[in-house]
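Engineer: Below is the file start.csv, with CSV, C-alpha atoms.
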chain,number,residue,atom,x,y,z
A,21,MET,CA,-40.9,-62.6,5.9
A,22,THR,CA,-42.9,-65.1,3.9
A,23,ASP,CA,-44.0,-68.5,5.4
A,24,SER,CA,-41.9,-70.3,2.9
A,25,THR,CA,-38.8,-68.3,3.8
A,26,SER,CA,-39.4,-68.8,7.6
A,27,ASP,CA,-39.7,-72.5,7.0
A,28,ARG,CA,-36.2,-72.7,5.6
A,29,ALA,CA,-33.3,-74.0,7.7
A,30,LEU,CA,-31.1,-71.5,9.6
A,31,GLN,CA,-28.1,-72.2,7.3
A,32,THR,CA,-30.1,-71.4,4.2
A,33,ARG,CA,-31.5,-68.3,5.8
A,34,ILE,CA,-28.0,-67.2,6.6
A,35,VAL,CA,-26.9,-67.7,2.9
A,36,HIS,CA,-30.2,-66.1,1.6
A,37,PRO,CA,-31.0,-63.3,4.0
A,38,GLU,CA,-33.8,-60.9,3.8
A,39,VAL,CA,-32.6,-57.4,4.7
A,40,GLU,CA,-34.9,-54.3,4.8
A,41,LEU,CA,-33.0,-51.0,4.8
A,42,ALA,CA,-34.6,-47.6,5.2
A,43,PRO,CA,-34.5,-45.6,2.0
A,44,GLY,CA,-32.9,-42.2,1.5
A,45,PHE,CA,-29.3,-42.7,2.6
A,46,GLU,CA,-26.9,-40.4,0.8
A,47,SER,CA,-23.2,-39.8,1.2
A,48,PHE,CA,-20.4,-38.1,-0.6
A,49,VAL,CA,-18.6,-41.5,-0.8
A,50,THR,CA,-19.0,-43.8,-3.8
A,51,PRO,CA,-20.2,-47.2,-2.4
A,52,VAL,CA,-17.6,-50.0,-2.5
A,53,MET,CA,-19.5,-52.7,-4.5
A,54,ARG,CA,-17.5,-56.0,-4.6
A,55,GLY,CA,-18.4,-59.1,-6.5
A,56,SER,CA,-17.0,-61.7,-8.8
A,57,THR,CA,-20.3,-63.3,-9.7
A,58,VAL,CA,-22.9,-60.9,-11.1
A,59,ILE,CA,-26.5,-62.0,-10.7
A,60,PHE,CA,-28.7,-61.9,-13.9
A,61,PRO,CA,-32.4,-61.3,-13.6
A,62,ASN,CA,-33.2,-64.2,-15.9
A,63,THR,CA,-31.7,-66.4,-18.6
A,64,ALA,CA,-32.7,-64.1,-21.4
A,65,ALA,CA,-30.4,-61.4,-20.0
A,66,VAL,CA,-27.6,-64.0,-20.1
A,67,ARG,CA,-28.2,-64.9,-23.7
A,68,THR,CA,-28.8,-61.4,-25.1
A,69,GLY,CA,-26.1,-59.6,-23.2
A,70,SER,CA,-22.8,-58.4,-24.8
A,71,TRP,CA,-19.4,-57.3,-23.4
A,72,ARG,CA,-19.7,-54.3,-25.8
A,73,ASP,CA,-22.6,-52.9,-23.8
A,74,ASP,CA,-21.5,-50.9,-20.8
A,75,THR,CA,-25.0,-50.7,-19.4
A,76,GLN,CA,-25.0,-54.5,-18.7
A,77,TRP,CA,-23.1,-56.0,-15.7
A,78,ARG,CA,-21.7,-59.4,-16.7
A,79,TYR,CA,-18.8,-60.4,-14.4
A,80,GLY,CA,-16.8,-58.7,-11.7
A,81,LEU,CA,-13.6,-58.8,-13.6
A,82,GLN,CA,-15.1,-56.5,-16.2
A,83,GLY,CA,-16.2,-54.0,-13.6
A,84,THR,CA,-18.6,-53.1,-10.9
A,85,PRO,CA,-20.4,-49.8,-10.2
A,86,THR,CA,-17.5,-48.7,-8.1
A,87,SER,CA,-14.9,-49.2,-10.8
A,88,ALA,CA,-17.3,-47.8,-13.4
A,89,ALA,CA,-17.7,-44.6,-11.3
A,90,LEU,CA,-13.9,-44.2,-11.2
A,91,ALA,CA,-13.6,-44.7,-15.0
A,92,GLN,CA,-16.3,-42.2,-15.7
A,93,ARG,CA,-14.7,-39.6,-13.5
A,94,LEU,CA,-11.3,-40.1,-15.1
A,95,ALA,CA,-12.7,-39.8,-18.6
A,96,ALA,CA,-14.3,-36.5,-17.6
A,97,ILE,CA,-11.1,-35.1,-16.2
A,98,GLU,CA,-9.2,-36.1,-19.3
A,99,GLY,CA,-11.9,-34.8,-21.7
A,100,GLY,CA,-12.6,-38.3,-23.1
A,101,LYS,CA,-15.7,-40.4,-23.4
A,102,TYR,CA,-14.4,-43.8,-22.4
A,103,ALA,CA,-12.0,-45.1,-19.8
A,104,LEU,CA,-10.8,-48.5,-18.9
A,105,LEU,CA,-9.0,-49.4,-15.7
A,106,GLN,CA,-6.0,-51.7,-15.5
A,107,PRO,CA,-4.0,-53.0,-12.5
A,108,SER,CA,-1.0,-50.8,-13.2
A,109,GLY,CA,0.3,-48.1,-15.5
A,110,LEU,CA,2.4,-50.6,-17.3
A,111,SER,CA,-0.6,-52.9,-17.8
A,112,SER,CA,-2.4,-50.0,-19.4
A,113,ILE,CA,0.5,-49.7,-21.9
A,114,SER,CA,0.2,-53.4,-22.5
A,115,ASN,CA,-3.5,-53.0,-23.1
A,116,VAL,CA,-2.8,-50.5,-25.8
A,117,TYR,CA,-0.3,-52.7,-27.6
A,118,PHE,CA,-2.5,-55.8,-27.6
A,119,GLY,CA,-5.6,-53.7,-28.5
A,120,VAL,CA,-4.3,-52.0,-31.6
A,121,VAL,CA,-1.1,-53.8,-32.8
A,122,LYS,CA,-0.9,-57.2,-34.6
A,123,SER,CA,1.9,-59.3,-36.0
A,124,GLY,CA,3.6,-57.6,-38.9
A,125,ASP,CA,2.8,-54.1,-37.7
A,126,ASP,CA,5.3,-51.3,-37.1
A,127,VAL,CA,5.4,-49.1,-33.9
A,128,LEU,CA,7.2,-45.8,-33.3
A,129,ILE,CA,8.4,-45.0,-29.8
A,130,PRO,CA,10.1,-41.8,-28.7
A,131,ASP,CA,13.6,-41.8,-27.2
A,132,ASN,CA,12.2,-40.2,-24.0
A,133,VAL,CA,9.7,-42.9,-23.4
A,134,TYR,CA,9.1,-44.6,-20.0
A,135,SER,CA,11.7,-47.4,-20.3
A,136,PRO,CA,9.3,-50.4,-19.6
A,137,ASN,CA,7.2,-49.2,-22.5
A,138,TYR,CA,10.2,-49.6,-24.8
A,139,ASP,CA,11.0,-52.9,-23.2
A,140,HIS,CA,7.5,-54.1,-23.9
A,141,GLY,CA,8.0,-53.0,-27.6
A,142,LYS,CA,11.2,-55.0,-27.8
A,143,TRP,CA,9.4,-58.1,-26.4
A,144,LEU,CA,6.8,-57.7,-29.1
A,145,ALA,CA,9.5,-57.4,-31.7
A,146,GLU,CA,11.4,-60.4,-30.5
A,147,ASP,CA,8.5,-62.8,-30.0
A,148,PHE,CA,5.4,-61.5,-31.9
A,149,GLY,CA,6.8,-60.2,-35.2
A,150,VAL,CA,6.2,-56.5,-34.5
A,151,SER,CA,8.7,-53.9,-35.8
A,152,VAL,CA,9.6,-51.3,-33.2
A,153,ARG,CA,11.6,-48.1,-34.0
A,154,ARG,CA,12.7,-45.2,-31.8
A,155,TYR,CA,12.5,-41.6,-32.9
A,156,ASP,CA,13.7,-38.2,-31.7
A,157,PRO,CA,10.9,-36.9,-29.3
A,158,MET,CA,11.4,-33.4,-30.7
A,159,ILE,CA,10.7,-34.4,-34.3
A,160,GLY,CA,7.3,-32.8,-34.5
A,161,GLY,CA,5.6,-33.0,-37.9
A,162,GLY,CA,8.7,-34.6,-39.3
A,163,ILE,CA,7.3,-37.9,-37.9
A,164,ALA,CA,5.5,-38.1,-41.2
A,165,ASP,CA,8.7,-39.2,-42.9
A,166,LEU,CA,9.0,-42.2,-40.5
A,167,ILE,CA,5.5,-43.5,-41.1
A,168,GLN,CA,5.5,-46.7,-43.1
A,169,PRO,CA,2.5,-48.5,-44.7
A,170,ASN,CA,2.5,-51.0,-41.8
A,171,THR,CA,2.8,-48.4,-39.0
A,172,SER,CA,-0.1,-48.9,-36.7
A,173,LEU,CA,0.8,-47.0,-33.5
A,174,ILE,CA,2.9,-44.0,-32.6
A,175,TRP,CA,3.7,-43.5,-28.9
A,176,MET,CA,4.4,-40.1,-27.3
A,177,GLU,CA,5.3,-39.0,-23.8
A,178,ALA,CA,4.9,-35.4,-22.7
A,179,PRO,CA,7.1,-34.4,-21.1
A,180,GLY,CA,9.6,-37.2,-21.0
A,181,SER,CA,9.4,-38.6,-17.5
A,182,LEU,CA,13.2,-38.3,-17.1
A,183,THR,CA,14.5,-35.8,-19.6
A,184,MET,CA,11.4,-33.5,-19.6
A,185,GLU,CA,11.4,-32.6,-23.3
A,186,VAL,CA,7.9,-31.5,-24.4
A,187,PRO,CA,7.2,-32.8,-27.9
A,188,ASP,CA,4.9,-31.1,-30.4
A,189,VAL,CA,2.0,-33.4,-29.7
A,190,ARG,CA,-0.4,-31.5,-31.9
A,191,ALA,CA,1.9,-31.8,-35.0
A,192,ILE,CA,2.7,-35.5,-34.4
A,193,ALA,CA,-1.0,-36.4,-33.9
A,194,ALA,CA,-1.9,-34.5,-37.1
A,195,ALA,CA,0.8,-36.3,-39.1
A,196,ALA,CA,-0.4,-39.7,-37.8
A,197,ARG,CA,-4.1,-38.9,-38.4
A,198,ALA,CA,-3.3,-38.0,-42.0
A,199,ARG,CA,-2.0,-41.5,-42.5
A,200,ASN,CA,-4.7,-43.3,-40.3
A,201,VAL,CA,-2.2,-44.2,-37.7
A,202,ILE,CA,-3.3,-44.5,-34.1
A,203,THR,CA,-1.5,-42.3,-31.5
A,204,ALA,CA,-1.1,-43.0,-27.8
A,205,ILE,CA,0.5,-40.8,-25.2
A,206,ASP,CA,1.7,-41.4,-21.7
A,207,ASN,CA,0.0,-38.5,-19.9
A,208,THR,CA,0.9,-39.5,-16.4
A,209,TYR,CA,2.9,-36.4,-15.8
A,210,SER,CA,-0.1,-34.1,-15.9
A,211,ALA,CA,-2.7,-36.5,-14.6
A,212,GLY,CA,-5.1,-35.1,-17.2
A,213,LEU,CA,-5.2,-31.9,-15.1
A,214,ALA,CA,-2.7,-29.7,-16.8
A,215,PHE,CA,-2.7,-31.2,-20.3
A,216,ARG,CA,-5.6,-32.7,-22.4
A,217,PRO,CA,-4.0,-34.5,-25.4
A,218,LEU,CA,-7.3,-35.9,-26.7
A,219,GLU,CA,-8.3,-32.4,-27.6
A,220,LEU,CA,-5.2,-32.1,-29.7
A,221,GLY,CA,-6.1,-35.1,-31.8
A,222,VAL,CA,-4.4,-37.9,-29.9
A,223,ASP,CA,-6.4,-41.1,-29.9
A,224,ILE,CA,-5.4,-42.7,-26.6
A,225,SER,CA,-4.2,-41.2,-23.3
A,226,VAL,CA,-2.6,-43.6,-20.8
A,227,GLN,CA,-2.1,-42.7,-17.2
A,228,ALA,CA,-0.6,-44.4,-14.1
A,229,LEU,CA,-3.2,-43.8,-11.4
A,230,THR,CA,-0.5,-44.9,-9.1
A,231,LYS,CA,0.7,-41.2,-9.1
A,232,TYR,CA,-1.4,-38.1,-8.3
A,233,GLN,CA,-4.7,-39.8,-8.6
A,234,SER,CA,-3.8,-42.1,-5.7
A,235,GLY,CA,-1.7,-39.4,-4.0
A,236,ALA,CA,-0.5,-41.7,-1.1
A,237,SER,CA,2.0,-44.0,-2.7
A,238,ASP,CA,-0.2,-47.0,-1.8
A,239,VAL,CA,-2.1,-48.0,-4.9
A,240,LEU,CA,-1.1,-49.6,-8.2
A,241,MET,CA,-3.5,-48.8,-11.1
A,242,GLY,CA,-3.6,-47.5,-14.6
A,243,ALA,CA,-6.1,-46.2,-17.1
A,244,THR,CA,-6.6,-45.9,-20.9
A,245,ILE,CA,-8.8,-43.1,-22.0
A,246,THR,CA,-10.2,-42.3,-25.4
A,247,ALA,CA,-12.9,-40.4,-27.2
A,248,ASP,CA,-13.2,-42.9,-30.1
A,249,GLU,CA,-15.7,-45.7,-29.6
A,250,ALA,CA,-14.1,-48.0,-32.1
A,251,ILE,CA,-10.7,-47.7,-30.4
A,252,TYR,CA,-12.4,-48.1,-27.0
A,253,LEU,CA,-14.0,-51.4,-28.1
A,254,LYS,CA,-10.6,-52.7,-29.3
A,255,LEU,CA,-9.0,-51.8,-26.0
A,256,LYS,CA,-12.0,-53.3,-24.1
A,257,ARG,CA,-11.8,-56.5,-26.0
A,258,ALA,CA,-8.0,-56.8,-25.4
A,259,ARG,CA,-8.5,-56.1,-21.7
A,260,MET,CA,-11.1,-58.8,-21.4
A,261,HIS,CA,-8.9,-61.4,-23.1
A,262,LEU,CA,-5.9,-60.4,-21.0
A,263,GLY,CA,-8.0,-60.7,-17.9
A,264,LEU,CA,-7.0,-57.2,-16.6
A,265,GLY,CA,-9.1,-56.3,-13.6
A,266,VAL,CA,-8.8,-53.9,-10.7
A,267,SER,CA,-9.6,-54.1,-7.0
A,268,VAL,CA,-12.7,-52.1,-6.1
A,269,ASP,CA,-11.1,-51.4,-2.7
A,270,ASP,CA,-8.2,-49.7,-4.6
A,271,CYS,CA,-10.8,-47.9,-6.8
A,272,SER,CA,-12.3,-46.6,-3.6
A,273,LEU,CA,-8.9,-45.2,-2.5
A,274,VAL,CA,-8.4,-43.4,-5.8
A,275,LEU,CA,-12.0,-42.1,-5.7
A,276,ARG,CA,-11.3,-40.7,-2.2
A,277,SER,CA,-8.2,-38.8,-3.5
A,278,LEU,CA,-9.7,-37.3,-6.6
A,279,PRO,CA,-11.5,-34.3,-5.0
A,280,ASN,CA,-8.2,-32.9,-3.7
A,281,MET,CA,-6.0,-34.0,-6.6
A,282,LYS,CA,-5.9,-30.6,-8.3
A,283,VAL,CA,-5.1,-28.8,-5.0
A,284,ARG,CA,-2.2,-31.2,-4.4
A,285,PHE,CA,-1.0,-31.0,-8.0
A,286,GLU,CA,-0.8,-27.2,-7.7
A,287,ALA,CA,1.1,-27.3,-4.4
A,288,HIS,CA,3.6,-29.7,-5.9
A,289,ASP,CA,3.9,-27.4,-8.9
A,290,ARG,CA,4.7,-24.3,-6.8
A,291,SER,CA,7.4,-25.9,-4.7
A,292,ALA,CA,9.0,-27.8,-7.6
A,293,LEU,CA,9.3,-24.6,-9.7
A,294,ALA,CA,10.8,-22.7,-6.8
A,295,LEU,CA,13.4,-25.4,-6.2
A,296,ALA,CA,14.2,-25.7,-9.9
A,297,ARG,CA,14.8,-22.0,-10.2
A,298,TRP,CA,17.1,-22.1,-7.2
A,299,LEU,CA,19.0,-25.1,-8.5
A,300,LYS,CA,19.8,-23.1,-11.7
A,301,THR,CA,21.9,-20.9,-9.5
A,302,ARG,CA,24.0,-23.7,-8.1
A,303,PRO,CA,27.6,-24.1,-9.5
A,304,GLU,CA,27.3,-27.9,-9.4
A,305,VAL,CA,24.5,-27.9,-11.9
A,306,VAL,CA,24.8,-27.4,-15.7
A,307,SER,CA,21.1,-27.6,-16.6
A,308,VAL,CA,17.8,-27.8,-14.9
A,309,LEU,CA,15.2,-29.6,-17.0
A,310,HIS,CA,11.8,-28.2,-16.0
A,311,PRO,CA,9.3,-27.5,-18.8
A,312,ALA,CA,8.3,-24.2,-17.3
A,313,LEU,CA,11.9,-22.9,-17.6
A,314,PRO,CA,12.8,-21.3,-20.9
A,315,ASP,CA,15.9,-23.4,-21.7
A,316,CYS,CA,14.0,-26.7,-21.4
A,317,PRO,CA,13.5,-28.4,-24.8
A,318,GLY,CA,9.9,-27.9,-25.9
A,319,HIS,CA,9.3,-25.0,-23.5
A,320,GLU,CA,7.3,-23.1,-26.1
A,321,THR,CA,5.0,-26.1,-26.6
A,322,PHE,CA,4.6,-26.5,-22.9
A,323,MET,CA,3.5,-22.9,-22.5
A,324,ARG,CA,1.1,-23.2,-25.3
A,325,GLU,CA,-0.5,-26.5,-24.3
A,326,PHE,CA,0.0,-27.0,-20.6
A,327,THR,CA,-1.5,-25.2,-17.6
A,328,GLY,CA,0.9,-26.6,-14.9
A,329,ALA,CA,3.9,-28.9,-14.3
A,330,GLY,CA,3.3,-30.7,-11.0
A,331,GLY,CA,6.2,-31.9,-8.9
A,332,LEU,CA,8.6,-33.6,-11.3
A,333,PHE,CA,11.8,-32.2,-12.9
A,334,SER,CA,15.4,-33.2,-13.5
A,335,VAL,CA,18.8,-31.7,-12.9
A,336,VAL,CA,22.0,-32.4,-14.9
A,337,PHE,CA,25.2,-32.1,-12.9
A,338,ASP,CA,28.6,-31.0,-14.2
A,339,ALA,CA,30.5,-33.8,-15.9
A,340,ARG,CA,33.4,-33.3,-13.4
A,341,TYR,CA,31.3,-35.3,-10.9
A,342,SER,CA,31.6,-39.0,-11.1
A,343,ILE,CA,28.7,-41.5,-10.9
A,344,GLU,CA,29.9,-42.4,-7.4
A,345,GLN,CA,29.8,-38.7,-6.3
A,346,ILE,CA,26.3,-38.2,-7.6
A,347,ASP,CA,25.2,-41.4,-5.9
A,348,ALA,CA,26.7,-40.1,-2.7
A,349,PHE,CA,24.7,-36.8,-3.1
A,350,VAL,CA,21.5,-38.8,-3.5
A,351,ASP,CA,22.4,-41.0,-0.5
A,352,ALA,CA,23.1,-37.9,1.6
A,353,LEU,CA,19.6,-36.5,1.1
A,354,ASP,CA,17.4,-36.8,4.1
A,355,LEU,CA,13.9,-35.6,3.0
A,356,PHE,CA,14.2,-37.0,-0.5
A,357,ALA,CA,13.8,-40.8,-0.4
A,358,ILE,CA,15.2,-43.1,-3.0
A,359,GLY,CA,12.5,-44.9,-4.9
A,360,TRP,CA,10.6,-45.5,-8.1
A,361,SER,CA,7.4,-43.8,-9.0
A,362,TRP,CA,6.1,-40.5,-7.6
A,363,GLY,CA,2.8,-38.7,-6.9
A,364,GLY,CA,2.6,-39.1,-3.1
A,365,ALA,CA,3.2,-36.7,-0.3
A,366,GLN,CA,6.9,-37.6,0.2
A,367,SER,CA,9.7,-36.2,-2.0
A,368,LEU,CA,12.0,-38.6,-4.0
A,369,ALA,CA,15.3,-38.5,-5.9
A,370,MET,CA,16.8,-40.9,-8.4
A,371,PRO,CA,20.1,-40.7,-10.4
A,372,TYR,CA,20.3,-41.7,-14.1
A,373,ASP,CA,22.9,-42.1,-16.8
A,374,ILE,CA,20.7,-40.8,-19.7
A,375,ALA,CA,23.3,-41.2,-22.4
A,376,ALA,CA,23.1,-45.0,-22.0
A,377,LEU,CA,19.4,-44.9,-22.6
A,378,ARG,CA,19.4,-43.0,-25.9
A,379,THR,CA,19.5,-44.5,-29.4
A,380,ALA,CA,17.6,-42.2,-31.8
A,381,SER,CA,18.7,-38.8,-30.5
A,382,GLN,CA,21.8,-37.4,-29.0
A,383,TRP,CA,22.0,-36.5,-25.3
A,384,PRO,CA,23.8,-33.1,-25.2
A,385,TYR,CA,25.1,-33.4,-21.6
A,386,GLY,CA,28.0,-35.3,-20.3
A,387,GLY,CA,27.0,-35.3,-16.6
A,388,MET,CA,24.7,-37.4,-14.6
A,389,LEU,CA,21.0,-36.6,-14.2
A,390,VAL,CA,19.0,-36.7,-11.0
A,391,ARG,CA,15.3,-36.6,-11.2
A,392,PHE,CA,13.5,-34.9,-8.3
A,393,TYR,CA,10.0,-35.4,-7.3
A,394,VAL,CA,8.9,-32.6,-4.9
A,395,GLY,CA,6.4,-33.7,-2.4
A,396,LEU,CA,4.3,-31.7,0.1
A,397,GLU,CA,7.0,-30.8,2.5
A,398,GLU,CA,7.8,-27.2,3.1
A,399,GLU,CA,9.9,-26.0,0.1
A,400,ALA,CA,12.4,-24.2,2.4
A,401,ASP,CA,13.2,-27.5,4.2
A,402,LEU,CA,13.7,-29.3,0.9
A,403,ARG,CA,16.0,-26.6,-0.3
A,404,ALA,CA,18.1,-26.8,2.9
A,405,ASP,CA,18.2,-30.6,2.5
A,406,ILE,CA,19.6,-30.4,-1.0
A,407,GLU,CA,22.1,-27.7,-0.1
A,408,ARG,CA,23.4,-29.8,2.8
A,409,ALA,CA,23.7,-32.8,0.6
A,410,LEU,CA,25.5,-30.9,-2.2
A,411,THR,CA,28.0,-29.6,0.4
A,412,SER,CA,28.5,-33.0,2.0
A,413,ALA,CA,28.9,-35.0,-1.2
A,414,LEU,CA,30.2,-32.5,-3.8
A,415,GLY,CA,31.6,-29.6,-1.8
Mind turning the file's structure into structure tokens?
Structural biologist:
Amino acid sequence: MTDSTSDRALQTRIVHPEVELAPGFESFVTPVMRGSTVIFPNTAAVRTGSWRDDTQWRYGLQGTPTSAALAQRLAAIEGGKYALLQPSGLSSISNVYFGVVKSGDDVLIPDNVYSPNYDHGKWLAEDFGVSVRRYDPMIGGGIADLIQPNTSLIWMEAPGSLTMEVPDVRAIAAAARARNVITAIDNTYSAGLAFRPLELGVDISVQALTKYQSGASDVLMGATITADEAIYLKLKRARMHLGLGVSVDDCSLVLRSLPNMKVRFEAHDRSALALARWLKTRPEVVSVLHPALPDCPGHETFMREFTGAGGLFSVVFDARYSIEQIDAFVDALDLFAIGWSWGGAQSLAMPYDIAALRTASQWPYGGMLVRFYVGLEEEADLRADIERALTSALG
């Protein structure tokens, strides 16, 4: 301690402490580095710095070493070069819209898209002068016929988070690239583990880290990932102006879960596929929508491009069962909770009337759909729970 420091008042020494730590500490854990104010070494660093430069720390809202570590790891999993974190999956979708779409532009959205995505598009159409059109998710290369001179963004979702169709992402991306249209995909389903759309020509991959990356149903976060520097800077600029930041404590929770994410994903996958195959034998069910099953739309694309399916699939019940009966079935489940989202250890179920959600493609089934998320419970217990609820509500 210098003489000048020791002469300072106690309160000043509390605010400006001198701490000497032994060097050489190492841990498997990424340090949690909080901070709103970032300290610059001198005024020259303030004047010469740029938000475009990821090697310069400028303000906590734009990131700390903790959030940067998570972004880098997510980009590596996805096969991208750049990743940006947002406070939710929906805010990641918003980041894409405000990053690459302007007034007068046209956006194409598939009929199987996550419904808040379409709602966001409608809001832009109503208040910001953006044209938003829906398309059949199985259109493939035929998307070229829908592209207009002002089309700036084409969304995809693979598989559809409710109806599980698997679009021909490669063909849609190629058609868009031929017309210089940016493509974005909601890749939350695979968490970047079982599907890498950037390698197929997609420009932006969006993920809700709320799901498998968190793995405990206790974190809200999203990410936008790209391999294109120009697109990255557009997204980064939009994120900065929108003030989208994330908690480094939440980043720490996601970082803690990443090492076992693949093991969990594969466990969900095994149990879900076993349950899906069993449900195909049930007389109450007319269709099981699981991409790994041959009769699911886009199965061939799934087998070509994906290496796994995780824990999510849907079941269409016979039209003879009313909405009230299907609701009673879901209510009768014990191990399957009723709730939005998925990706944690606990199983979930939610009923949907898909026909009411379609506008650009026909829904071929007359019955109600129930989406199942299969958690980490024993598959035999989950099967017994479903069988008991079917007997109780529909028997």
Engineer: Determine the nearest neighbour of A:Asp347 from the options A:Leu410, A:Met53, A:Val308, A:Val35, counting all atoms listed in the file.
Structural biologist: A:Leu410
Engineer: Leaving out A:Met388 and any residue of its chain fewer than 6 positions from it, which residues lie within 7 Å of it when counting only C-alpha atoms, given as an MDAnalysis selection string?
Structural biologist: chainID A and resid 336:337 339 343 372:373
Engineer: I need the residue nearest A:Leu313 from this list: A:Met184, A:Arg72, A:Ala243, A:Pro371. Use only C-alpha atoms for the distance.
Structural biologist: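 Between A:Met184, A:Arg72, A:Ala243, A:Pro371, the residue approaching A:Leu313 most closely is A:Met184.
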Engineer: Using all atoms listed in the file, which of A:Gly359, A:Gly160, A:Pro384, A:Pro136 sits nearest A:Gly318?
Structural biologist: A:Gly160
Engineer: Which residues come within 12 Å of A:Val239, counting all atoms listed in the file, excluding same-chain residues fewer than 4 positions away, as a PyMOL selection string?
Structural biologist: chain A and resi 106-109+228-235+266-275+277+361-364
Engineer: Mind checking which residues fall within 9 Å of A:Ser225, counting all atoms listed in the file, ignoring those fewer than 3 positions away in the same chain, and posting them as a PyMOL selection string?
Structural biologist: chain A and resi 98+100+203-208+212+216-218+222+243-246
Engineer: Mind writing the picked residues with C-alpha atoms as a short mmCIF file (atom, residue, chain, number, x, y, z; two decimals), keeping the file's coordinate frame?
Structural biologist:
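Okay, part-v4.cif is ready:
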data_model
loop_
_atom_site.label_atom_id
_atom_site.label_comp_id
_atom_site.auth_asym_id
_atom_site.auth_seq_id
_atom_site.Cartn_x
_atom_site.Cartn_y
_atom_site.Cartn_z
CA GLU A 98 -9.20 -36.10 -19.30
CA GLY A 100 -12.60 -38.30 -23.10
CA THR A 203 -1.50 -42.30 -31.50
CA ALA A 204 -1.10 -43.00 -27.80
CA ILE A 205 0.50 -40.80 -25.20
CA ASP A 206 1.70 -41.40 -21.70
CA ASN A 207 0.00 -38.50 -19.90
CA THR A 208 0.90 -39.50 -16.40
CA GLY A 212 -5.10 -35.10 -17.20
CA ARG A 216 -5.60 -32.70 -22.40
CA PRO A 217 -4.00 -34.50 -25.40
CA LEU A 218 -7.30 -35.90 -26.70
CA VAL A 222 -4.40 -37.90 -29.90
CA ALA A 243 -6.10 -46.20 -17.10
CA THR A 244 -6.60 -45.90 -20.90
CA ILE A 245 -8.80 -43.10 -22.00
CA THR A 246 -10.20 -42.30 -25.40
#
Engineer: As a CSV table (one decimal) with C-alpha atoms, keeping the file's coordinate frame, please: the residues near stretch 118-121 of chain A (cut-off 7 Å, all atoms listed in the file, same-chain neighbours under 4 positions excluded).
Structural biologist:
chain,number,residue,atom,x,y,z
A,114,SER,CA,0.2,-53.4,-22.5
A,125,ASP,CA,2.8,-54.1,-37.7
A,172,SER,CA,-0.1,-48.9,-36.7
A,254,LYS,CA,-10.6,-52.7,-29.3
A,255,LEU,CA,-9.0,-51.8,-26.0
A,258,ALA,CA,-8.0,-56.8,-25.4
Engineer: Should you be able to, write stretch 144-156 of chain A of this structure into a file that contains N, CA and C atoms, as a PDB file, in the first residue's frame.
Structural biologist:
ATOM      1  N   LEU A 144     -45.809  -5.176 -37.427  1.00  0.00           N
ATOM      2  CA  LEU A 144     -45.016  -4.382 -38.360  1.00  0.00           C
ATOM      3  C   LEU A 144     -45.848  -3.967 -39.566  1.00  0.00           C
ATOM      4  N   ALA A 145     -46.731  -4.856 -40.015  1.00  0.00           N
ATOM      5  CA  ALA A 145     -47.577  -4.530 -41.161  1.00  0.00           C
ATOM      6  C   ALA A 145     -48.576  -3.426 -40.827  1.00  0.00           C
ATOM      7  N   GLU A 146     -49.114  -3.485 -39.624  1.00  0.00           N
ATOM      8  CA  GLU A 146     -50.135  -2.516 -39.230  1.00  0.00           C
ATOM      9  C   GLU A 146     -49.552  -1.146 -38.907  1.00  0.00           C
ATOM     10  N   ASP A 147     -48.383  -1.106 -38.284  1.00  0.00           N
ATOM     11  CA  ASP A 147     -47.858   0.162 -37.763  1.00  0.00           C
ATOM     12  C   ASP A 147     -46.585   0.664 -38.433  1.00  0.00           C
ATOM     13  N   PHE A 148     -45.904  -0.178 -39.217  1.00  0.00           N
ATOM     14  CA  PHE A 148     -44.604   0.220 -39.755  1.00  0.00           C
ATOM     15  C   PHE A 148     -44.511   0.097 -41.273  1.00  0.00           C
ATOM     16  N   GLY A 149     -45.612  -0.192 -41.938  1.00  0.00           N
ATOM     17  CA  GLY A 149     -45.601  -0.215 -43.394  1.00  0.00           C
ATOM     18  C   GLY A 149     -44.824  -1.367 -43.995  1.00  0.00           C
ATOM     19  N   VAL A 150     -44.847  -2.515 -43.340  1.00  0.00           N
ATOM     20  CA  VAL A 150     -44.180  -3.716 -43.851  1.00  0.00           C
ATOM     21  C   VAL A 150     -45.236  -4.692 -44.346  1.00  0.00           C
ATOM     22  N   SER A 151     -45.024  -5.263 -45.517  1.00  0.00           N
ATOM     23  CA  SER A 151     -45.929  -6.283 -46.038  1.00  0.00           C
ATOM     24  C   SER A 151     -45.533  -7.643 -45.479  1.00  0.00           C
ATOM     25  N   VAL A 152     -46.509  -8.391 -44.975  1.00  0.00           N
ATOM     26  CA  VAL A 152     -46.243  -9.714 -44.402  1.00  0.00           C
ATOM     27  C   VAL A 152     -47.184 -10.722 -45.047  1.00  0.00           C
ATOM     28  N   ARG A 153     -46.616 -11.755 -45.639  1.00  0.00           N
ATOM     29  CA  ARG A 153     -47.413 -12.797 -46.293  1.00  0.00           C
ATOM     30  C   ARG A 153     -47.026 -14.169 -45.738  1.00  0.00           C
ATOM     31  N   ARG A 154     -48.021 -15.041 -45.634  1.00  0.00           N
ATOM     32  CA  ARG A 154     -47.768 -16.402 -45.166  1.00  0.00           C
ATOM     33  C   ARG A 154     -47.665 -17.345 -46.353  1.00  0.00           C
ATOM     34  N   TYR A 155     -46.881 -18.413 -46.176  1.00  0.00           N
ATOM     35  CA  TYR A 155     -46.722 -19.391 -47.255  1.00  0.00           C
ATOM     36  C   TYR A 155     -46.774 -20.807 -46.697  1.00  0.00           C
ATOM     37  N   ASP A 156     -47.036 -21.753 -47.575  1.00  0.00           N
ATOM     38  CA  ASP A 156     -47.063 -23.170 -47.223  1.00  0.00           C
ATOM     39  C   ASP A 156     -45.645 -23.601 -46.846  1.00  0.00           C
TER      40      ASP A 156
END
